[in-house]
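For reference, the structure is listed below as structure tokens.
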Amino acid sequence: NKLKAFMISHTKRLTSRVVRNTTVFAVKHPKRFRRRVRKILDVVRWVKYLAPLIGTGNKLKGNIGDLIKKYQQHREAKIALGIRKLTRSKLKGEELLLHTTLQIQSAYRSRQARRAARVFAIMQSDKKRKTALLMQRVARTQIAKTRTNMKKKEHELGDLEKFVKEKEKHVSISKMILNPSDDENFIMIPERLMARLIILRVDLYEIERVKRLQKQLLRPNTTFALNWKIAFVVAVAIE
């Protein structure tokens, strides 16, 4: 509070002193005061015009650098994909089988090496790292359980839809053969199965909706990301 009061009083004294000196200078030297005011207004005008240009230039510079980086990543990914396709197209028979086997073995050894490295890091790391790794493991376990539950729900939904279609087909045939007004001759679908069918459809719809939102995060080396960045840079340059 004392510091705030001191700053306020000091600012008031400084402001009053500047206003008093400026007024005295304007009265004693009106022409010089007018020239200085003009210079200050010119500087303010130039700053007003140049500040947006400088900001846009910095934005354009950053986006051009990002565009160059994305282009290099896209080019490297395209070259690597072409090399892989060319290598696989030349392999036939036993060579293709050997190449596939080596890839599987390499992936397995890499996974084992990463696992051993994580175990060693856990042994050498501090409590924060251990907590982070534990949270990652719990998250991966939860993701695996979610995927398993999703597959089970998909299979269950498929079986229920198949059951409902068979029942509807049986009902339509019964309506053609038997008396349509005789409801006792028709096989009705239990309400419990219909409720379960609706619940499964809603759950799978929510899971698919979340997956669609997550898929909106694109890799930077795709053709779409490169074209989008080019369009953005052109728009900034036009601006």
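The chains in the structure tokens are called A, B, ... from first to last as shown; in each chain the residues are counted from 1, and the ligands are counted from 1 in the order shown.
If you count only C-alpha atoms and ignore residues fewer than 3 places along the chain from A:Leu197, what sits within 7 Å of it is Leu157, Leu160, Leu193, Met194, Leu200 and Arg201 of chain A.
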### Task
Skip A:Lys151 itself and residues of its chain fewer than 5 positions away, then list as a PyMOL selection string all residues within 12 Å of it, counting only C-alpha atoms.
chain A and resi 144-146+156-158+200+203-204+207
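Here atom CA of A:Ala113 is placed at a distance of 16.5 Å from atom CA of A:Leu133.
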### Message
I'd like the contact shell of A:Gly57 - 12 Å cut-off, only C-alpha atoms, skipping same-chain residues fewer than 5 positions apart - returned as a list in words.
### Response
Leu50, Ala51, Pro52, Gly62, Asn63, Ile64, Val233, Val236, Ala237, Ile238 and Glu239 of chain A
